[in-house]
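Novice: Structure incoming, see below.
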Amino acid sequence: MKAIRKFTVRAVLPESLAALDELAGNLRWSWHEPTRQLFEHIAPELWRRIGGDPVALLGAVDPARLQELAHDHDYVSGVNLVRDDLRNYLEQPRWYQELEGAKPASIAYFSPEFGIAAALPQYSGGLGILAGDHLKSASDLGVPLVGVGLFYKAGYFSQAISSDGWQLESYPLLDPDGLPLSVLRRADGSPVQVSLALPDDRTLHARVWEARVGRIRLLMLDTDIPENTDDLRQVTDRLYGGGGEHRLLQELLLGIGGARAVRLWSTLNDRPEPEVFHTNEGHAGFLGLERISSLIGEGLSFSEALQVARAGTVFTTHTPVAAGIDRFDSSLVRRYFETDLLPGVAVDDLLGLGAESYPGGSPDVFNMAIMGLRLGQHANGVSKLHGEVSRRMFSGLWPGFDASEVPITSITNGVHAPTWTDPALKALAANRLGTADTSTADWASPVVSDQDLWDVRGDMRRQFVEDARRRIGAAWLVQNPGGLIPAWINQVFDPDVLTIGFARRVPTYKRLTLMLHDPERLRALLLHPEHPVQIVIAGKSHPADEEGKRLIQKIVQFAADPELRTRIAFLPDYNIGMAQLMYPGTDVWLNNPLRPLEACGTSGMKAALNGALNLSILDGWWPEYFDGQNGWAIPSADAATNSAERDRIEAEALYELIEHQVAPPFYERNADGVPERWVANIRQTLAGLSPELNAGRMVREYVEKLYRPAGVSEARLSANDYRAARELAAWKSRITAAWPGVSVAHVESGGVATVPQVGDELHLRAHVQLNGLAPDDVTVQVVYGRSLGGDDLTDVSTQALEPIDDVQGQDALADATGSPASGMPTLFTGTVELDRAGGFGYTVRVVPRNDLLISPAEMGLVAVAS
Ligand SMILES: *Cc1c(COP(=O)(O)O)cnc(C)c1O
C-alpha cells in the first residue's frame, strides 16, 4: 500500500530531556562531538542505521528508552551541560566581535546548494560542501552571516548501480517537518511568504525555512505550497534538475526571492539589513538586480543604484569549465523581466549586464558569470592558480589590460576541520596535545609518538573497511533482492593494505578512469605480491551526463573481476556520511584532473586533515601547498599535443609514482611495525596543512580582503542619501563619454646614457590629450618591465606621472602644435630608476582615477601610447 500523504510526528520528550530538542534543532551537532555522543548513546545501532541524524533518531527511538534515560541522572546532567555549552557558544563574543575598526553588521551569503550534514541533503558536490563549511566557520568565528538558499524537495538524487554498472537515479522526497528546520513566521504566527511576479500575470510564492547552523541562520525558499499552481510548486523540486526555464525560475527565486526573504528576516528578527551580499558562484546573481530595484524605489537612477549594489557585492567564481557557467537565451530572460518582477528596472539595462559583449561572446546569450562580475565590485577565484586562470578567462571584459590586472583576486578554499576530522584523531589531539582543535594542535610535538599516529590511522582504515563492506553488501542486496550476501564481500579491502581513495563528481575533466588507462598495469599494482594497493572509488554523475555514466560503468566493470573485486570497489551514493569515513580511512588521496580545470578541489584537503597523503596533479590548491613531503605531485603533460597523448603520459607517471614512490615506504616497517618515513609524512601533513586548510583561515580572509572593504565602500556610497553614489555615477558617465577622445599624444624621454646602466634615471614627459577631463580625473602611468624579445613586458610595474601646471610650457607647446588652448595636451612627468640589468621596456597609459574604484582596470577604460 502506498501512502497518499506523509508527515513526520515528532516525539514528545520526557521533561528532564527537553534540552535534547534544543540540541537537535541546531545543526551544530553535525560537528560537535559531545552532542553527537549524547544522541548516539540513546540507541547506538539505530543512530548508525539512520546515518547520525538526531531528529530522525528522536522520532524513531522506542519511547521506553527515553523514559529510562530520563531517570538516568548522569545522562540528564550530561544533556544539560551540553545544552549550556551550546548557549554559551551562541552568545559569547568570538573572533569577529574582537575585530577593531569598521566591519559589516550583517552579511548575506547566497548559494544554490548547502552541504551541512548528511541529514540535510541539499548539495551535489564541492560547491555545496564549501558553502556549508563557510557557514560553520563563520559561526565559529562569530561572523554575522546569514545564509540564503533553496529547499529542494528531493535534494540532488540518490545513486544506485545496476548489475551492468549503469548509474540509476532516484529522488526520494524529503519531509521538511522531519528535518531540523522551522518555518519563518511573523510575530502573529503567520508564515512569511515571498512572491515573484511572472509572465502572463502569474505569481510564484515561496515559504521560507530556517535552519540553525550554530550561530548562523540559513534561509531556504520552498515553492511546494498550496498557494502555487501545480507546475510552480515544482520550481524547487530538485537541485540542478531541469534546464532552461526551470533553472531560470530557480535562479530568479534564489536571487530575487532570497534578497526579499533576507530583508524580511532581518526586520522580523530586529537585525540590521545586510550591508554586504556574497554570491557563491553566479547562480544567485539576480540578487543584485533586486537591490537595484529597491534603490530605484528610493529615488536613485539605474546607474546610481548600480554603484551602490556593486560596492556591497562579492562574487566568487568557481569554475573555468564553460559547462559550469549558467547561460540563458536572452529572449527568455527578456520575457521574465518584461513584467512587474523588478519595478523600476528597464529590461535593456538589465540585459546589458549579462551580455557577452566581447570578442567571441554570443549576442543572444545572457551570461550569469558576466553579470556576476558586473554586479560585484569584489570578485575572487578559489585558489591562487584559479585566480590566475579566471583573470585570463574573463580578461575580455577589461580590454587593453594585461590579465594580471583584471580585478579578480583569489582566496583559497578551506574545509571545516571539526566536521571533517575523524573523532579518533580529535581524541588523540585532546588526550595528548590538550586540545580537540586539530587545526591548531601541535602535531610536530613528540608527545604524540609515531606509534600513536600509526595506530590511529590503522583504526580509521579498519573503520572505513567495515563501512565499505556494509555498503557493498547493501548494494548487492538491492541488485539481488532476497539473496544471501556472498562471502567475498566480507573480504573486500584488507585493513592492512595501502588504501587509495578517489571520490568526486564525475565531470569529464576530473578523469575518473585515468587509472584504467593501462588495465594490466593497474591490475599488477593491485595484486603486487609485496606492496599491494587497494582503491576505493565513489562519485555521482549528473543525471543528464551519459558520458559520466559510461565512465562509472567502466570502473564498475573493471572492479567486477573476481580476482580484483576485493582490491578495488566502487561505492554507490557518495555523500557526506560516506565521505566522513572515507577520507580518514584512506592512506592516499588521488586527484588527477585536467590541469587547470580543477578550481580548487576540497576532498584532498579533508583527507589531509586526517593525515592522508595527497597524490595529485599540480592543480587547484595543491601547487600552493605541496612541499615534497606531504604527498606527491603527478607531473602534468601540459605540452602534450592531444588529449589521448596527455592521458597516456599522465597515467604512466601515476603508475610509476604508485609503484616506486608511494607503495614502498608504506610497507617499510621498523621493529615495532611502524613505517617511519610514512609517519613522518603524516606528521608533516597534519602539522603543516591543518591550520592552512581549515575553513577558519578562509573565512578570515573573506572578512579581511572582501567583506570589510565591501562594507566600507557600500557605506561611503550610501551616506547622506547616496550622495557619493550619485556623484560616482555622474563621474563615470562623464569619463565614459570623454574617453574616446583621451590619448597619449606624445612621449619624450631623457636622462639615460647612450649605453644605459643600472642606476640611470629615465625622465619622461608625456603629453596627454584629456578631451576636457581634469588632470585628477585620470592617472597617467609609465608601465615598465622586462622585455625579452617581442613587444610583451614581463615583471611589470607601474608608476604614476605627475601633471605639470606649467602655463608657459603649455603655451609654448600650444604655439608649437598650433592647437587651440582648450584641446591642448596636458603635460605629465616623472622618473623611473633603472634598477636591474637586462632588457627593459616601457609604455605610457592613461586610466580613470577615482578613489571609489578598487583597481585602475575597473572601468575597462585605458588609453595607451602608440
Ligand atoms: C568534499 C566533497 C566533495 C567535493 O570534492 P572535490 O575534491 O572538490 O571534488 C564532493 N562531495 C562530497 C560528499 C564531499 O564531501
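We name chains A, B, ... following the order of the C-alpha cells; residues begin at 1 in each chain, and ligands are numbered from 1 as shown.
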Leaving out Pro593 (chain A) and any residue of its chain fewer than 4 positions from it, which residues lie within 6 Å of it when counting only C-alpha atoms, given as an MDAnalysis selection string?

Specialist: chainID A and resid 509:511

Novice: Output N, CA, C and O atoms for every residue in the selection just made, as an mmCIF file, in the first residue's frame.

Specialist:
```cif
data_model
loop_
_atom_site.group_PDB
_atom_site.id
_atom_site.type_symbol
_atom_site.label_atom_id
_atom_site.label_comp_id
_atom_site.auth_asym_id
_atom_site.auth_seq_id
_atom_site.Cartn_x
_atom_site.Cartn_y
_atom_site.Cartn_z
ATOM 1 N N TYR A 509 36.418 16.340 -16.914
ATOM 2 C CA TYR A 509 37.759 16.867 -16.630
ATOM 3 C C TYR A 509 38.388 16.227 -15.395
ATOM 4 O O TYR A 509 39.599 16.281 -15.220
ATOM 5 N N LYS A 510 37.578 15.622 -14.551
ATOM 6 C CA LYS A 510 38.160 15.002 -13.351
ATOM 7 C C LYS A 510 38.762 13.619 -13.651
ATOM 8 O O LYS A 510 39.416 13.023 -12.810
ATOM 9 N N ARG A 511 38.499 13.102 -14.807
ATOM 10 C CA ARG A 511 39.123 11.871 -15.307
ATOM 11 C C ARG A 511 39.067 10.699 -14.328
ATOM 12 O O ARG A 511 40.095 10.162 -13.921
#
```

Novice: Could I get the residue neighbourhood of ligand 1 at 9 Å, counting only C-alpha atoms and all ligand atoms, as an MDAnalysis selection string?

Specialist: chainID A and resid 115 118 123:130 415 420 502:506 510 539:540 574:580 583 591 598:606

Novice: Can you list, as an MDAnalysis selection string, every residue of region 292-403 of chain A that DSSP puts in strand (DSSP E)?

Specialist: chainID A and resid 313:316 327:329 365:367 378:381

Novice: Can I get the selected residues back with N, CA and C atoms, as a PDB file, in the first residue's frame?

Specialist:
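selection_37.pdb, freshly written:
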```pdb
ATOM      1  N   THR A 313      28.736  44.111  -3.161  1.00  0.00           N
ATOM      2  CA  THR A 313      28.555  42.729  -3.616  1.00  0.00           C
ATOM      3  C   THR A 313      29.889  42.023  -3.862  1.00  0.00           C
ATOM      4  N   VAL A 314      29.970  40.803  -3.356  1.00  0.00           N
ATOM      5  CA  VAL A 314      31.140  39.944  -3.538  1.00  0.00           C
ATOM      6  C   VAL A 314      30.715  38.775  -4.413  1.00  0.00           C
ATOM      7  N   PHE A 315      31.468  38.535  -5.471  1.00  0.00           N
ATOM      8  CA  PHE A 315      31.139  37.439  -6.387  1.00  0.00           C
ATOM      9  C   PHE A 315      32.297  36.446  -6.402  1.00  0.00           C
ATOM     10  N   THR A 316      32.015  35.205  -6.079  1.00  0.00           N
ATOM     11  CA  THR A 316      33.047  34.175  -6.136  1.00  0.00           C
ATOM     12  C   THR A 316      32.795  33.272  -7.332  1.00  0.00           C
ATOM     13  N   ARG A 327      24.181  29.981 -18.692  1.00  0.00           N
ATOM     14  CA  ARG A 327      23.896  30.932 -19.773  1.00  0.00           C
ATOM     15  C   ARG A 327      22.457  30.681 -20.203  1.00  0.00           C
ATOM     16  N   PHE A 328      21.697  31.764 -20.323  1.00  0.00           N
ATOM     17  CA  PHE A 328      20.297  31.645 -20.741  1.00  0.00           C
ATOM     18  C   PHE A 328      20.107  32.373 -22.065  1.00  0.00           C
ATOM     19  N   ASP A 329      19.088  31.964 -22.821  1.00  0.00           N
ATOM     20  CA  ASP A 329      18.708  32.750 -24.001  1.00  0.00           C
ATOM     21  C   ASP A 329      18.281  34.126 -23.540  1.00  0.00           C
ATOM     22  N   VAL A 365      22.941  35.577 -25.789  1.00  0.00           N
ATOM     23  CA  VAL A 365      23.057  34.855 -24.536  1.00  0.00           C
ATOM     24  C   VAL A 365      23.142  35.809 -23.350  1.00  0.00           C
ATOM     25  N   PHE A 366      22.521  35.413 -22.276  1.00  0.00           N
ATOM     26  CA  PHE A 366      22.626  36.141 -21.020  1.00  0.00           C
ATOM     27  C   PHE A 366      23.486  35.278 -20.101  1.00  0.00           C
ATOM     28  N   ASN A 367      24.636  35.802 -19.704  1.00  0.00           N
ATOM     29  CA  ASN A 367      25.640  35.004 -19.006  1.00  0.00           C
ATOM     30  C   ASN A 367      25.694  35.405 -17.529  1.00  0.00           C
ATOM     31  N   HIS A 378      33.662  43.307  -6.043  1.00  0.00           N
ATOM     32  CA  HIS A 378      34.679  42.469  -5.404  1.00  0.00           C
ATOM     33  C   HIS A 378      34.502  41.046  -5.907  1.00  0.00           C
ATOM     34  N   ALA A 379      35.530  40.504  -6.546  1.00  0.00           N
ATOM     35  CA  ALA A 379      35.390  39.172  -7.141  1.00  0.00           C
ATOM     36  C   ALA A 379      36.628  38.349  -6.827  1.00  0.00           C
ATOM     37  N   ASN A 380      36.422  37.040  -6.739  1.00  0.00           N
ATOM     38  CA  ASN A 380      37.570  36.176  -6.468  1.00  0.00           C
ATOM     39  C   ASN A 380      37.399  34.788  -7.054  1.00  0.00           C
ATOM     40  N   GLY A 381      38.542  34.157  -7.314  1.00  0.00           N
ATOM     41  CA  GLY A 381      38.604  32.734  -7.610  1.00  0.00           C
ATOM     42  C   GLY A 381      38.960  31.999  -6.327  1.00  0.00           C
TER      43      GLY A 381
END
```

Novice: Just how far from CA of Asp175 (chain A) is CA of Trp209 (chain A), in Å to one decimal?

Specialist: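 According to the coordinates, CA of Trp209 (chain A) and CA of Asp175 (chain A) are separated by 12.1 Å.
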
Novice: Determine which residues of region 296-348 of chain A receive a DSSP assignment of alpha helix (DSSP H), computed from the backbone, and state them as a VMD selection string.

Specialist: chain A and resid 296 to 297 302 to 311 330 to 337 347 to 348

Novice: May I have the selected residues written with N, CA and C atoms, as an mmCIF file, in the first residue's frame?

Specialist:
```cif
data_model
loop_
_atom_site.group_PDB
_atom_site.id
_atom_site.type_symbol
_atom_site.label_atom_id
_atom_site.label_comp_id
_atom_site.auth_asym_id
_atom_site.auth_seq_id
_atom_site.Cartn_x
_atom_site.Cartn_y
_atom_site.Cartn_z
ATOM 1 N N ILE A 296 16.200 52.002 -6.663
ATOM 2 C CA ILE A 296 15.474 52.876 -7.590
ATOM 3 C C ILE A 296 14.196 53.356 -6.905
ATOM 4 N N GLY A 297 13.594 52.468 -6.145
ATOM 5 C CA GLY A 297 12.412 52.847 -5.369
ATOM 6 C C GLY A 297 12.708 53.970 -4.380
ATOM 7 N N PHE A 302 19.073 54.085 -12.428
ATOM 8 C CA PHE A 302 19.654 52.752 -12.567
ATOM 9 C C PHE A 302 21.151 52.792 -12.300
ATOM 10 N N SER A 303 21.863 53.750 -12.931
ATOM 11 C CA SER A 303 23.319 53.675 -12.797
ATOM 12 C C SER A 303 23.764 54.104 -11.396
ATOM 13 N N GLU A 304 23.009 54.972 -10.742
ATOM 14 C CA GLU A 304 23.344 55.299 -9.345
ATOM 15 C C GLU A 304 23.133 54.082 -8.448
ATOM 16 N N ALA A 305 22.021 53.397 -8.676
ATOM 17 C CA ALA A 305 21.729 52.207 -7.870
ATOM 18 C C ALA A 305 22.769 51.121 -8.116
ATOM 19 N N LEU A 306 23.203 51.027 -9.369
ATOM 20 C CA LEU A 306 24.209 50.024 -9.714
ATOM 21 C C LEU A 306 25.500 50.245 -8.909
ATOM 22 N N GLN A 307 25.876 51.506 -8.716
ATOM 23 C CA GLN A 307 27.107 51.779 -7.963
ATOM 24 C C GLN A 307 26.995 51.238 -6.536
ATOM 25 N N VAL A 308 25.841 51.469 -5.931
ATOM 26 C CA VAL A 308 25.670 51.016 -4.541
ATOM 27 C C VAL A 308 25.673 49.490 -4.481
ATOM 28 N N ALA A 309 24.908 48.866 -5.387
ATOM 29 C CA ALA A 309 24.808 47.402 -5.356
ATOM 30 C C ALA A 309 26.183 46.780 -5.598
ATOM 31 N N ARG A 310 26.906 47.301 -6.581
ATOM 32 C CA ARG A 310 28.241 46.773 -6.874
ATOM 33 C C ARG A 310 29.177 46.870 -5.667
ATOM 34 N N ALA A 311 29.129 48.047 -5.030
ATOM 35 C CA ALA A 311 30.079 48.282 -3.940
ATOM 36 C C ALA A 311 29.934 47.238 -2.847
ATOM 37 N N SER A 330 18.814 35.162 -24.178
ATOM 38 C CA SER A 330 18.393 36.488 -23.705
ATOM 39 C C SER A 330 16.913 36.718 -23.915
ATOM 40 N N SER A 331 16.333 36.057 -24.943
ATOM 41 C CA SER A 331 14.889 36.272 -25.161
ATOM 42 C C SER A 331 14.079 35.722 -23.980
ATOM 43 N N LEU A 332 14.559 34.638 -23.403
ATOM 44 C CA LEU A 332 13.859 34.072 -22.240
ATOM 45 C C LEU A 332 13.961 35.027 -21.051
ATOM 46 N N VAL A 333 15.162 35.540 -20.847
ATOM 47 C CA VAL A 333 15.367 36.471 -19.734
ATOM 48 C C VAL A 333 14.494 37.707 -19.946
ATOM 49 N N ARG A 334 14.461 38.179 -21.196
ATOM 50 C CA ARG A 334 13.635 39.354 -21.504
ATOM 51 C C ARG A 334 12.173 39.102 -21.137
ATOM 52 N N ARG A 335 11.681 37.930 -21.499
ATOM 53 C CA ARG A 335 10.269 37.637 -21.228
ATOM 54 C C ARG A 335 9.984 37.693 -19.722
ATOM 55 N N TYR A 336 10.915 37.208 -18.932
ATOM 56 C CA TYR A 336 10.687 37.196 -17.490
ATOM 57 C C TYR A 336 10.796 38.569 -16.843
ATOM 58 N N PHE A 337 11.554 39.451 -17.477
ATOM 59 C CA PHE A 337 11.702 40.764 -16.845
ATOM 60 C C PHE A 337 10.807 41.833 -17.449
ATOM 61 N N VAL A 347 14.286 46.733 -18.902
ATOM 62 C CA VAL A 347 14.787 45.431 -19.339
ATOM 63 C C VAL A 347 16.115 45.544 -20.079
ATOM 64 N N ASP A 348 16.283 46.593 -20.878
ATOM 65 C CA ASP A 348 17.514 46.664 -21.658
ATOM 66 C C ASP A 348 18.737 46.931 -20.776
#
```
